[in-house]
$ cat entry_17.csv   # CSV, C-alpha atoms
chain,number,residue,atom,x,y,z
A,1,MET,CA,0.0,0.0,0.0
A,2,PHE,CA,1.4,3.3,-1.2
A,3,GLN,CA,-0.3,5.2,1.6
A,4,THR,CA,0.9,3.1,4.5
A,5,ILE,CA,4.5,3.4,3.2
A,6,GLU,CA,4.1,7.1,3.2
A,7,ILE,CA,2.6,7.4,6.7
A,8,ALA,CA,5.3,5.0,7.9
A,9,ASP,CA,7.9,7.4,6.5
A,10,PHE,CA,6.4,10.1,8.6
A,11,GLU,CA,6.5,7.9,11.6
A,12,ASN,CA,10.2,7.3,11.1
A,13,LEU,CA,10.8,11.0,10.5
A,14,LEU,CA,9.0,11.7,13.8
A,15,LYS,CA,10.8,9.1,15.7
A,16,GLU,CA,14.1,10.4,14.3
A,17,LYS,CA,13.4,14.0,15.3
A,18,PHE,CA,11.4,13.5,18.6
A,19,SER,CA,12.6,10.1,19.7
A,20,ASP,CA,12.6,10.9,23.4
A,21,LYS,CA,9.3,12.8,23.3
A,22,ILE,CA,7.2,10.0,21.8
A,23,LEU,CA,5.9,8.0,24.7
A,24,SER,CA,4.1,5.4,22.5
A,25,ALA,CA,3.1,4.9,18.9
A,26,GLU,CA,0.6,2.5,17.4
A,27,THR,CA,-1.8,2.1,14.5
A,28,HIS,CA,-5.6,2.1,15.2
A,29,TYR,CA,-7.9,1.4,12.2
A,30,ASP,CA,-5.1,2.4,9.7
A,31,VAL,CA,-4.5,5.7,11.5
A,32,SER,CA,-1.2,6.3,13.2
A,33,VAL,CA,-1.6,7.3,16.8
A,34,ALA,CA,1.2,8.7,18.9
A,35,THR,CA,1.3,9.8,22.5
A,36,ILE,CA,3.6,12.8,22.9
A,37,GLU,CA,5.2,14.1,26.0
A,38,HIS,CA,3.2,17.0,27.4
A,39,HIS,CA,5.8,19.8,26.9
A,40,SER,CA,6.6,18.9,23.3
A,41,ILE,CA,3.1,18.5,21.8
A,42,LYS,CA,3.2,21.9,20.1
A,43,ASP,CA,6.7,21.4,18.7
A,44,VAL,CA,5.5,18.1,17.1
A,45,ILE,CA,2.4,19.7,15.7
A,46,VAL,CA,4.4,22.7,14.3
A,47,PHE,CA,6.8,20.2,12.7
A,48,LEU,CA,4.0,18.1,11.2
A,49,LYS,CA,2.3,21.2,9.8
A,50,GLU,CA,5.6,22.1,8.0
A,51,GLN,CA,5.6,18.5,6.6
A,52,GLY,CA,2.2,19.0,5.0
A,53,PHE,CA,-0.3,18.2,7.7
A,54,THR,CA,-2.0,21.6,7.2
A,55,PHE,CA,-5.5,20.8,8.4
A,56,LEU,CA,-6.5,20.4,12.0
A,57,THR,CA,-9.6,18.1,11.7
A,58,SER,CA,-10.4,18.2,15.3
A,59,CYS,CA,-9.0,18.6,18.8
A,60,HIS,CA,-10.8,17.8,22.0
A,61,GLY,CA,-10.4,16.9,25.6
A,62,MET,CA,-10.4,13.6,27.4
A,63,HIS,CA,-10.8,12.5,31.0
A,64,PHE,CA,-9.8,9.1,32.4
A,65,PRO,CA,-10.2,9.4,36.2
A,66,ASP,CA,-8.4,6.1,36.9
A,67,ALA,CA,-5.4,6.7,34.7
A,68,LYS,CA,-2.1,7.8,36.0
A,69,GLU,CA,-2.4,11.0,34.0
A,70,LYS,CA,-6.1,11.9,34.1
A,71,PHE,CA,-6.5,14.7,31.5
A,72,GLY,CA,-5.7,14.6,27.9
A,73,MET,CA,-6.0,16.4,24.6
A,74,VAL,CA,-6.2,14.6,21.2
A,75,TYR,CA,-5.4,16.2,17.9
A,76,HIS,CA,-6.4,14.9,14.5
A,77,LEU,CA,-4.2,16.2,11.7
A,78,HIS,CA,-4.9,15.8,8.0
A,79,ASP,CA,-2.5,16.1,5.0
A,80,MET,CA,-5.1,16.8,2.3
A,81,PRO,CA,-3.0,16.5,-0.9
A,82,ARG,CA,-1.7,13.1,0.1
A,83,ASN,CA,-4.8,12.1,2.1
A,84,LEU,CA,-2.8,11.1,5.2
A,85,ARG,CA,-4.0,11.3,8.7
A,86,ILE,CA,-2.3,11.2,12.1
A,87,ARG,CA,-3.6,11.4,15.6
A,88,LEU,CA,-1.6,12.8,18.5
A,89,LYS,CA,-2.4,12.6,22.2
A,90,THR,CA,-0.9,14.2,25.2
A,91,PHE,CA,-1.7,13.9,28.9
A,92,THR,CA,-1.3,15.8,32.1
A,93,ASN,CA,-2.2,15.5,35.7
A,94,HIS,CA,-1.9,19.2,36.5
A,95,GLU,CA,-4.9,21.0,37.9
A,96,PRO,CA,-6.2,23.0,36.1
A,97,PRO,CA,-5.0,21.0,33.1
A,98,THR,CA,-3.0,23.3,30.9
A,99,PHE,CA,-2.0,22.8,27.3
A,100,PRO,CA,-0.4,25.2,24.8
A,101,SER,CA,-2.9,26.9,22.5
A,102,LEU,CA,-2.7,26.1,18.8
A,103,THR,CA,-4.6,29.3,17.8
A,104,ASP,CA,-1.4,30.9,16.4
A,105,ILE,CA,-0.8,28.1,13.9
A,106,PHE,CA,-4.3,26.8,13.3
A,107,PRO,CA,-7.0,29.6,13.7
A,108,SER,CA,-9.6,26.8,13.7
A,109,ALA,CA,-8.3,25.6,17.0
A,110,ASN,CA,-9.9,28.7,18.6
A,111,TRP,CA,-13.4,27.4,19.1
A,112,MET,CA,-12.3,23.8,19.6
A,113,GLU,CA,-10.1,24.8,22.5
A,114,ARG,CA,-13.0,26.9,23.9
A,115,GLU,CA,-15.1,23.8,23.7
A,116,ALA,CA,-12.5,21.8,25.6
A,117,TYR,CA,-12.4,24.6,28.2
A,118,ASP,CA,-16.2,24.6,28.4
A,119,PHE,CA,-16.6,20.9,29.0
A,120,PHE,CA,-13.3,19.9,30.8
A,121,GLY,CA,-12.0,23.1,32.3
A,122,PHE,CA,-8.7,22.9,30.4
A,123,LYS,CA,-6.6,26.1,30.2
A,124,PHE,CA,-4.8,26.9,27.0
A,125,THR,CA,-1.9,29.2,27.3
A,126,GLY,CA,-1.9,31.8,24.5
A,127,HIS,CA,-5.6,31.5,23.7
A,128,PRO,CA,-6.9,35.0,22.8
A,129,ASP,CA,-10.5,34.5,24.2
A,130,LEU,CA,-10.9,31.5,26.4
A,131,ARG,CA,-14.5,31.5,27.6
A,132,ARG,CA,-17.5,29.1,27.4
A,133,ILE,CA,-18.8,28.4,23.9
A,134,LEU,CA,-21.7,26.0,24.1
A,135,ASN,CA,-23.0,26.0,27.7
A,136,MET,CA,-24.6,28.9,29.4
A,137,ASP,CA,-22.2,31.3,31.0
A,138,SER,CA,-23.6,30.7,34.5
A,139,LEU,CA,-22.9,27.0,34.5
A,140,GLU,CA,-20.7,25.8,37.4
A,141,GLY,CA,-18.3,23.0,36.9
A,142,TRP,CA,-17.1,21.0,33.9
A,143,PRO,CA,-19.9,18.7,32.6
A,144,MET,CA,-17.8,16.2,30.6
A,145,ARG,CA,-15.6,15.4,33.6
A,146,LYS,CA,-16.6,12.0,35.0
A,147,GLU,CA,-17.3,13.3,38.5
A,148,PHE,CA,-19.9,15.7,37.2
A,149,PRO,CA,-23.4,14.5,38.2
A,150,LEU,CA,-25.3,13.1,35.2
A,151,GLU,CA,-28.8,14.2,36.1
A,152,ASP,CA,-30.0,17.8,36.5
A,153,GLN,CA,-29.6,18.7,40.2
A,154,ALA,CA,-32.5,21.2,40.0
A,155,ARG,CA,-35.1,18.5,39.3
A,156,PHE,CA,-37.4,18.0,42.3
A,157,ASP,CA,-40.0,15.6,40.9
A,158,LYS,CA,-37.7,12.6,41.0
A,159,ASP,CA,-38.2,10.4,44.0
A,160,ASP,CA,-35.1,8.4,44.7
A,161,LYS,CA,-37.1,5.4,46.0
A,162,MET,CA,-38.6,5.0,42.5
A,163,PHE,CA,-35.1,4.6,41.0
A,164,GLY,CA,-33.8,2.2,43.6
A,165,ARG,CA,-31.5,4.6,45.4
B,1,MET,CA,-95.7,32.0,15.8
B,2,GLU,CA,-95.1,34.9,18.1
B,3,ASN,CA,-91.8,36.2,19.4
B,4,THR,CA,-92.8,38.5,22.2
B,5,GLY,CA,-90.4,37.9,25.1
B,6,THR,CA,-86.7,37.2,25.6
B,7,THR,CA,-85.5,33.8,26.6
B,8,ALA,CA,-82.6,32.9,28.8
B,9,VAL,CA,-80.3,30.7,26.7
B,10,GLN,CA,-77.1,28.9,27.0
B,11,ARG,CA,-75.4,28.1,23.7
B,12,SER,CA,-73.5,25.0,24.4
B,13,TYR,CA,-71.2,25.3,21.4
B,14,THR,CA,-69.8,28.7,22.4
B,15,ASN,CA,-70.5,28.3,26.1
B,16,LEU,CA,-72.1,31.6,25.9
B,17,GLN,CA,-74.8,32.5,28.4
B,18,GLY,CA,-77.3,35.4,27.9
B,19,TYR,CA,-80.7,36.5,26.8
B,20,GLU,CA,-81.9,36.0,23.3
B,21,GLY,CA,-84.8,37.4,21.4
B,22,PRO,CA,-85.7,37.9,17.8
B,23,GLY,CA,-82.6,39.5,16.1
B,24,PHE,CA,-80.6,40.1,19.3
B,25,MET,CA,-78.7,38.5,22.1
B,26,ALA,CA,-77.7,40.2,25.3
B,27,THR,CA,-74.8,39.0,27.4
B,28,THR,CA,-72.1,40.4,29.6
B,29,LEU,CA,-69.1,42.3,28.1
B,30,ASP,CA,-66.7,39.7,29.6
B,31,LYS,CA,-68.5,36.9,27.6
B,32,ALA,CA,-68.7,38.9,24.4
B,33,VAL,CA,-65.0,39.8,24.5
B,34,GLY,CA,-64.1,36.3,25.5
B,35,LEU,CA,-66.1,35.0,22.5
B,36,ALA,CA,-64.2,37.3,20.2
B,37,ARG,CA,-60.8,36.5,21.6
B,38,LYS,CA,-61.1,32.8,21.8
B,39,ASN,CA,-62.0,32.5,18.1
B,40,SER,CA,-59.2,34.7,16.9
B,41,ILE,CA,-56.1,33.5,18.8
B,42,TRP,CA,-52.9,34.4,17.1
B,43,PRO,CA,-50.3,31.8,18.1
B,44,LEU,CA,-46.6,32.4,18.2
B,45,PRO,CA,-44.9,29.0,17.4
B,46,PHE,CA,-41.7,28.6,19.3
B,47,ALA,CA,-40.6,25.3,17.8
B,48,THR,CA,-37.3,23.9,18.6
B,49,SER,CA,-37.5,20.2,17.8
B,50,CYS,CA,-39.8,17.2,16.8
B,51,CYS,CA,-42.9,18.7,18.5
B,52,GLY,CA,-42.5,21.5,16.1
B,53,ILE,CA,-42.8,19.0,13.2
B,54,GLU,CA,-46.1,17.8,14.7
B,55,PHE,CA,-47.2,21.4,14.9
B,56,MET,CA,-46.5,21.8,11.2
B,57,ALA,CA,-48.9,19.0,10.6
B,58,THR,CA,-51.4,20.5,13.0
B,59,MET,CA,-51.2,23.8,11.1
B,60,ALA,CA,-51.5,22.3,7.6
B,61,SER,CA,-54.6,21.4,5.8
B,62,HIS,CA,-55.2,17.9,7.2
B,63,TYR,CA,-55.6,18.9,10.8
B,64,ASP,CA,-56.1,22.6,10.1
B,65,LEU,CA,-55.6,24.8,13.0
B,66,ALA,CA,-57.5,27.5,11.1
B,67,ARG,CA,-60.8,25.8,12.0
B,68,PHE,CA,-60.2,27.2,15.5
B,69,GLY,CA,-59.7,30.7,14.3
B,70,SER,CA,-55.9,30.4,14.6
B,71,GLU,CA,-54.9,30.5,11.0
B,72,ARG,CA,-52.9,33.6,11.5
B,73,LEU,CA,-49.6,32.7,13.0
B,74,SER,CA,-47.8,35.6,14.4
B,75,PHE,CA,-44.0,35.5,14.1
B,76,SER,CA,-43.7,38.7,16.1
B,77,PRO,CA,-44.4,38.3,19.8
B,78,ARG,CA,-45.8,41.8,19.9
B,79,GLN,CA,-49.0,40.8,18.1
B,80,ALA,CA,-49.3,37.2,19.5
B,81,ASP,CA,-51.8,36.1,22.0
B,82,LEU,CA,-50.6,32.5,22.5
B,83,LEU,CA,-47.1,31.3,22.9
B,84,MET,CA,-46.8,27.7,21.8
B,85,VAL,CA,-43.6,26.3,23.1
B,86,MET,CA,-42.8,23.1,21.3
B,87,GLY,CA,-39.6,21.2,21.9
B,88,THR,CA,-36.6,20.9,24.1
B,89,ILE,CA,-35.5,24.2,25.7
B,90,ALA,CA,-31.8,24.2,26.5
B,91,LYS,CA,-30.9,26.3,29.5
B,92,LYS,CA,-29.0,28.6,27.2
B,93,MET,CA,-32.3,29.2,25.3
B,94,GLY,CA,-34.2,30.0,28.6
B,95,PRO,CA,-33.5,33.7,28.6
B,96,VAL,CA,-34.5,33.9,24.9
B,97,LEU,CA,-37.8,32.3,25.6
B,98,ARG,CA,-38.3,34.5,28.6
B,99,GLN,CA,-37.6,37.6,26.5
B,100,VAL,CA,-40.1,36.5,23.8
B,101,TYR,CA,-42.7,36.0,26.6
B,102,GLU,CA,-42.0,39.5,28.0
B,103,GLN,CA,-42.4,41.0,24.6
B,104,MET,CA,-45.9,39.7,24.2
B,105,ALA,CA,-48.7,42.1,25.1
B,106,GLU,CA,-51.3,41.2,27.7
B,107,PRO,CA,-53.5,39.3,27.6
B,108,ARG,CA,-51.2,36.4,26.8
B,109,TRP,CA,-51.4,32.6,27.2
B,110,VAL,CA,-48.8,29.9,27.1
B,111,LEU,CA,-49.2,26.4,25.7
B,112,SER,CA,-46.4,23.9,26.6
B,113,VAL,CA,-46.4,21.2,24.0
B,114,GLY,CA,-44.6,17.9,24.6
B,115,ALA,CA,-42.7,16.2,27.4
B,116,CYS,CA,-39.5,18.3,26.9
B,117,ALA,CA,-41.2,21.7,27.2
B,118,SER,CA,-43.3,20.5,30.1
B,119,SER,CA,-40.7,18.8,32.2
B,120,GLY,CA,-37.4,18.4,30.4
B,121,GLY,CA,-38.6,15.0,29.2
B,122,ILE,CA,-35.9,12.4,28.7
B,123,PHE,CA,-33.2,15.0,28.8
B,124,ASP,CA,-32.6,15.0,32.5
B,125,THR,CA,-29.2,16.6,32.1
B,126,TYR,CA,-27.1,19.7,32.9
B,127,SER,CA,-27.9,21.6,29.7
B,128,VAL,CA,-31.6,21.2,29.4
B,129,LEU,CA,-34.2,23.3,31.2
B,130,GLN,CA,-36.4,21.0,33.3
B,131,GLY,CA,-39.7,22.4,32.1
B,132,ILE,CA,-40.5,25.9,30.8
B,133,ASP,CA,-42.6,26.6,33.9
B,134,ARG,CA,-39.3,27.2,35.6
B,135,ILE,CA,-39.0,30.5,33.8
B,136,ILE,CA,-42.5,31.5,32.5
B,137,PRO,CA,-46.1,30.7,33.7
B,138,VAL,CA,-47.8,28.0,31.6
B,139,ASP,CA,-51.6,27.8,31.1
B,140,VAL,CA,-52.0,24.4,29.4
B,141,TYR,CA,-49.6,21.4,29.2
B,142,VAL,CA,-49.9,18.9,26.3
B,143,PRO,CA,-48.2,15.6,27.2
B,144,GLY,CA,-46.6,13.3,24.6
B,145,CYS,CA,-43.3,12.6,23.0
B,146,PRO,CA,-44.2,14.1,20.6
B,147,PRO,CA,-48.0,14.6,21.0
B,148,ARG,CA,-50.1,13.8,17.9
B,149,PRO,CA,-51.7,16.8,16.1
B,150,GLU,CA,-55.1,15.8,17.7
B,151,GLN,CA,-53.5,16.3,21.1
B,152,ILE,CA,-52.1,19.7,20.2
B,153,LEU,CA,-55.6,20.7,18.9
B,154,ASP,CA,-57.0,19.5,22.2
B,155,GLY,CA,-54.5,21.8,24.0
B,156,VAL,CA,-55.5,24.7,21.8
B,157,MET,CA,-59.2,24.0,22.6
B,158,LYS,CA,-58.3,24.0,26.3
B,159,ILE,CA,-56.6,27.4,25.8
B,160,GLN,CA,-59.8,28.6,24.0
B,161,GLU,CA,-61.8,27.5,27.0
B,162,LEU,CA,-59.5,29.6,29.3
B,163,VAL,CA,-59.6,32.5,27.0
B,164,GLY,CA,-63.4,32.5,26.6
B,165,ASN,CA,-64.1,32.3,30.3
B,166,GLU,CA,-61.4,34.7,31.5
B,167,SER,CA,-62.6,37.7,33.4
B,168,LEU,CA,-61.6,41.1,32.0
B,169,ARG,CA,-60.2,42.0,35.3
B,170,ARG,CA,-58.0,38.9,35.7
B,171,ARG,CA,-54.8,40.5,34.4
B,172,ASN,CA,-55.2,43.4,36.9
B,173,SER,CA,-55.8,41.1,39.8
B,174,ALA,CA,-53.4,40.9,42.8
B,175,GLU,CA,-53.2,37.1,42.3
B,176,TYR,CA,-52.1,37.5,38.7
B,177,LYS,CA,-49.5,40.1,39.6
B,178,GLU,CA,-48.2,37.9,42.3
B,179,LEU,CA,-47.9,35.0,39.8
B,180,LEU,CA,-45.8,37.2,37.5
B,181,ALA,CA,-43.8,38.5,40.4
B,182,SER,CA,-43.0,34.9,41.4
B,183,TYR,CA,-41.3,34.6,38.0
B,184,GLY,CA,-39.6,37.9,38.3
B,185,ILE,CA,-41.6,39.3,35.4
B,186,GLN,CA,-42.9,42.9,35.5
$ encode --input "entry_17.csv" --output "structure tokens"
Amino acid sequence: MFQTIEIADFENLLKEKFSDKILSAETHYDVSVATIEHHSIKDVIVFLKEQGFTFLTSCHGMHFPDAKEKFGMVYHLHDMPRNLRIRLKTFTNHEPPTFPSLTDIFPSANWMEREAYDFFGFKFTGHPDLRRILNMDSLEGWPMRKEFPLEDQARFDKDDKMFGR
Amino acid sequence: MENTGTTAVQRSYTNLQGYEGPGFMATTLDKAVGLARKNSIWPLPFATSCCGIEFMATMASHYDLARFGSERLSFSPRQADLLMVMGTIAKKMGPVLRQVYEQMAEPRWVLSVGACASSGGIFDTYSVLQGIDRIIPVDVYVPGCPPRPEQILDGVMKIQELVGNESLRRRNSAEYKELLASYGIQ
């Protein structure tokens, strides 16, 4: 497969340049996935953008409460002319979780980072306008974190006995 | 046949009570105004999801809301009599709905169509308002997920009943002012 050879080339290039920063690398459903050390994630993305991955398909937050490093960001990059995709992850345990903002290299990251802030409470250093984007401004807490209560706390017509609690 | 005296009548189809003779009918101002109002309600459809689709069917020729004098939908709250809230109202939408209600002139009625508008429905979650009666007073609730057009029509007829029987002084009453004050609406 021509494509897999090409993406393998990129993997080798990445491993050469950031060998000590790549914590793990694997392939999921034909997409290369790499976990990058927290402080180097932006360097890697800048490098990949120079290599042709000029489109940030998506970036969003993750929360794994039982993992060693609980909070993470995942970045999906796309090289449109060659139709190559790569996925990068990075994790931190810092509270509040802080990541470098990509708004200076990918303007589309602006709203996606606001979304990650809105739902996970992540801070993005260098973001020009980090405020809630989808939820109401008066919402307290970070709804996509696992400890956030699932049901609306303002509801008074729900009798716990009826739900076996 | 002679028609000499007047007769006390109750017209069941309009629920109108009064005295009738040849060529005239006498009733109270309340009742006459109620009769006019209930048969020319201008609804403002506030449709956010699937209940809104059911409303479109209600409005169209098959179910035909026009039969109840409501063929004129008002897309401006200023001229509307009835606010029909159909669909899930997110908490972020709450202030918008409230502003629409505040822009309506008195007398105004609110019909809450469907489980979501009435109680939040299946969306028991942080982002969804758990019933529009948290922010505005509601006159009639229509259950269903979504309710069939017949149910929406039934809700409109219940509203007509309220409109036809409302006293002209109700909107000035202390009770009504207290109700609005409890929602923080002037």
$ closest_atom_pairs --input "entry_17.csv" --of "chain B" --to "chain A" --cutoff "6 Å" --atoms "only C-alpha atoms" --output "CSV"
residue,atom,partner,partner_atom,distance
B:Lys92,CA,A:Met136,CA,4.9
B:Asp124,CA,A:Glu151,CA,5.3
B:Thr125,CA,A:Asp152,CA,4.6
B:Tyr126,CA,A:Asp152,CA,5.0
$ write_last_selection --input "entry_17.csv" --atoms "C-alpha atoms" --output "short mmCIF file (atom, residue, chain, number, x, y, z; two decimals), in the frame of the given file"
data_model
loop_
_atom_site.label_atom_id
_atom_site.label_comp_id
_atom_site.auth_asym_id
_atom_site.auth_seq_id
_atom_site.Cartn_x
_atom_site.Cartn_y
_atom_site.Cartn_z
CA LYS B 92 -29.00 28.60 27.20
CA ASP B 124 -32.60 15.00 32.50
CA THR B 125 -29.20 16.60 32.10
CA TYR B 126 -27.10 19.70 32.90
#
$ residues_around --input "entry_17.csv" --residues "Lys68 of chain A" --least-positions-apart "4" --cutoff "10 Å" --atoms "all atoms listed in the file" --output "mmCIF file with C-alpha atoms, keeping the file's coordinate frame"
data_model
loop_
_atom_site.group_PDB
_atom_site.id
_atom_site.type_symbol
_atom_site.label_atom_id
_atom_site.label_comp_id
_atom_site.auth_asym_id
_atom_site.auth_seq_id
_atom_site.Cartn_x
_atom_site.Cartn_y
_atom_site.Cartn_z
ATOM 1 C CA PHE A 64 -9.800 9.100 32.400
ATOM 2 C CA PHE A 91 -1.700 13.900 28.900
ATOM 3 C CA THR A 92 -1.300 15.800 32.100
ATOM 4 C CA ASN A 93 -2.200 15.500 35.700
#
$ residues_around --input "entry_17.csv" --residues "segment 25-29 of chain B" --least-positions-apart "5" --cutoff "9 Å" --atoms "only C-alpha atoms" --output "list in words"
Thr6, Leu16, Gln17, Gly18, Tyr19, Glu20, Gly34 and Leu168 of chain B
$ residues_around --input "entry_17.csv" --residues "segment 83-85 of chain A" --least-positions-apart "5" --cutoff "8 Å" --atoms "only C-alpha atoms" --output "compact mmCIF listing (two decimals) with C-alpha atoms, in the frame of the given file"
# COMPACT_ATOMS: atom_id res chain seq x y z
CA GLN A 3 -0.30 5.20 1.60
CA ILE A 7 2.60 7.40 6.70
CA VAL A 31 -4.50 5.70 11.50
CA SER A 32 -1.20 6.30 13.20
CA PHE A 53 -0.30 18.20 7.70
CA HIS A 76 -6.40 14.90 14.50
CA LEU A 77 -4.20 16.20 11.70
CA HIS A 78 -4.90 15.80 8.00
$ residues_near_point --input "entry_17.csv" --point "(-33.8, 31.5, 29.2)" --cutoff "10 Å" --atoms "all atoms listed in the file" --output "list of chain:residue names"
A:Met136, B:Ile89, B:Ala90, B:Lys91, B:Lys92, B:Met93, B:Gly94, B:Pro95, B:Val96, B:Leu97, B:Arg98, B:Gln99, B:Val100, B:Leu129, B:Ile132, B:Arg134, B:Ile135, B:Ile136
$ write_last_selection --input "entry_17.csv" --atoms "C-alpha atoms" --output "PDB file, in the frame of the given file"
ATOM      1  CA  MET A 136     -24.600  28.900  29.400  1.00  0.00           C
TER       2      MET A 136
ATOM      3  CA  ILE B  89     -35.500  24.200  25.700  1.00  0.00           C
ATOM      4  CA  ALA B  90     -31.800  24.200  26.500  1.00  0.00           C
ATOM      5  CA  LYS B  91     -30.900  26.300  29.500  1.00  0.00           C
ATOM      6  CA  LYS B  92     -29.000  28.600  27.200  1.00  0.00           C
ATOM      7  CA  MET B  93     -32.300  29.200  25.300  1.00  0.00           C
ATOM      8  CA  GLY B  94     -34.200  30.000  28.600  1.00  0.00           C
ATOM      9  CA  PRO B  95     -33.500  33.700  28.600  1.00  0.00           C
ATOM     10  CA  VAL B  96     -34.500  33.900  24.900  1.00  0.00           C
ATOM     11  CA  LEU B  97     -37.800  32.300  25.600  1.00  0.00           C
ATOM     12  CA  ARG B  98     -38.300  34.500  28.600  1.00  0.00           C
ATOM     13  CA  GLN B  99     -37.600  37.600  26.500  1.00  0.00           C
ATOM     14  CA  VAL B 100     -40.100  36.500  23.800  1.00  0.00           C
ATOM     15  CA  LEU B 129     -34.200  23.300  31.200  1.00  0.00           C
ATOM     16  CA  ILE B 132     -40.500  25.900  30.800  1.00  0.00           C
ATOM     17  CA  ARG B 134     -39.300  27.200  35.600  1.00  0.00           C
ATOM     18  CA  ILE B 135     -39.000  30.500  33.800  1.00  0.00           C
ATOM     19  CA  ILE B 136     -42.500  31.500  32.500  1.00  0.00           C
TER      20      ILE B 136
END
$ atom_distance --input "entry_17.csv" --atom1 "atom CA of Ala117 of chain B" --atom2 "atom CA of Ala66 of chain B"
23.6 Å
$ atom_distance --input "entry_17.csv" --atom1 "atom CA of Pro81 of chain A" --atom2 "atom CA of Thr54 of chain A"
9.6 Å
$ atom_distance --input "entry_17.csv" --atom1 "atom CA of Leu73 of chain B" --atom2 "atom CA of Asp154 of chain B"
17.7 Å
$ closest_residue --input "entry_17.csv" --among "B:Gln160, B:Ile152, B:Arg108, B:Phe75" --to "Ala36 of chain B" --atoms "all atoms listed in the file"
B:Gln160
$ closest_residue --input "entry_17.csv" --among "A:Glu16, A:Glu95, A:Glu115, A:Glu26" --to "Val44 of chain A" --atoms "all atoms listed in the file"
A:Glu16
$ decode --input "entry_17.csv" --residues "segment 28-72 of chain A" --atoms "C-alpha atoms" --output "mmCIF file, in the first residue's frame"
data_model
loop_
_atom_site.group_PDB
_atom_site.id
_atom_site.type_symbol
_atom_site.label_atom_id
_atom_site.label_comp_id
_atom_site.auth_asym_id
_atom_site.auth_seq_id
_atom_site.Cartn_x
_atom_site.Cartn_y
_atom_site.Cartn_z
ATOM 1 C CA HIS A 28 -5.581 2.070 15.158
ATOM 2 C CA TYR A 29 -7.873 1.366 12.202
ATOM 3 C CA ASP A 30 -5.144 2.351 9.719
ATOM 4 C CA VAL A 31 -4.498 5.655 11.473
ATOM 5 C CA SER A 32 -1.193 6.299 13.189
ATOM 6 C CA VAL A 33 -1.599 7.309 16.801
ATOM 7 C CA ALA A 34 1.208 8.743 18.864
ATOM 8 C CA THR A 35 1.295 9.812 22.498
ATOM 9 C CA ILE A 36 3.556 12.788 22.885
ATOM 10 C CA GLU A 37 5.205 14.105 25.989
ATOM 11 C CA HIS A 38 3.190 17.025 27.386
ATOM 12 C CA HIS A 39 5.757 19.801 26.912
ATOM 13 C CA SER A 40 6.611 18.894 23.319
ATOM 14 C CA ILE A 41 3.145 18.539 21.810
ATOM 15 C CA LYS A 42 3.216 21.937 20.135
ATOM 16 C CA ASP A 43 6.692 21.400 18.673
ATOM 17 C CA VAL A 44 5.524 18.148 17.143
ATOM 18 C CA ILE A 45 2.398 19.741 15.675
ATOM 19 C CA VAL A 46 4.368 22.665 14.262
ATOM 20 C CA PHE A 47 6.799 20.187 12.705
ATOM 21 C CA LEU A 48 3.988 18.114 11.195
ATOM 22 C CA LYS A 49 2.324 21.221 9.797
ATOM 23 C CA GLU A 50 5.585 22.075 8.014
ATOM 24 C CA GLN A 51 5.610 18.522 6.642
ATOM 25 C CA GLY A 52 2.197 18.999 5.013
ATOM 26 C CA PHE A 53 -0.340 18.227 7.737
ATOM 27 C CA THR A 54 -1.964 21.614 7.233
ATOM 28 C CA PHE A 55 -5.495 20.804 8.381
ATOM 29 C CA LEU A 56 -6.540 20.388 12.000
ATOM 30 C CA THR A 57 -9.571 18.123 11.668
ATOM 31 C CA SER A 58 -10.397 18.175 15.341
ATOM 32 C CA CYS A 59 -8.964 18.609 18.766
ATOM 33 C CA HIS A 60 -10.754 17.820 21.971
ATOM 34 C CA GLY A 61 -10.401 16.935 25.624
ATOM 35 C CA MET A 62 -10.381 13.582 27.400
ATOM 36 C CA HIS A 63 -10.815 12.536 30.996
ATOM 37 C CA PHE A 64 -9.751 9.145 32.386
ATOM 38 C CA PRO A 65 -10.229 9.391 36.157
ATOM 39 C CA ASP A 66 -8.432 6.099 36.905
ATOM 40 C CA ALA A 67 -5.429 6.657 34.676
ATOM 41 C CA LYS A 68 -2.058 7.794 35.951
ATOM 42 C CA GLU A 69 -2.426 11.022 34.011
ATOM 43 C CA LYS A 70 -6.078 11.916 34.055
ATOM 44 C CA PHE A 71 -6.533 14.705 31.535
ATOM 45 C CA GLY A 72 -5.651 14.599 27.886
#
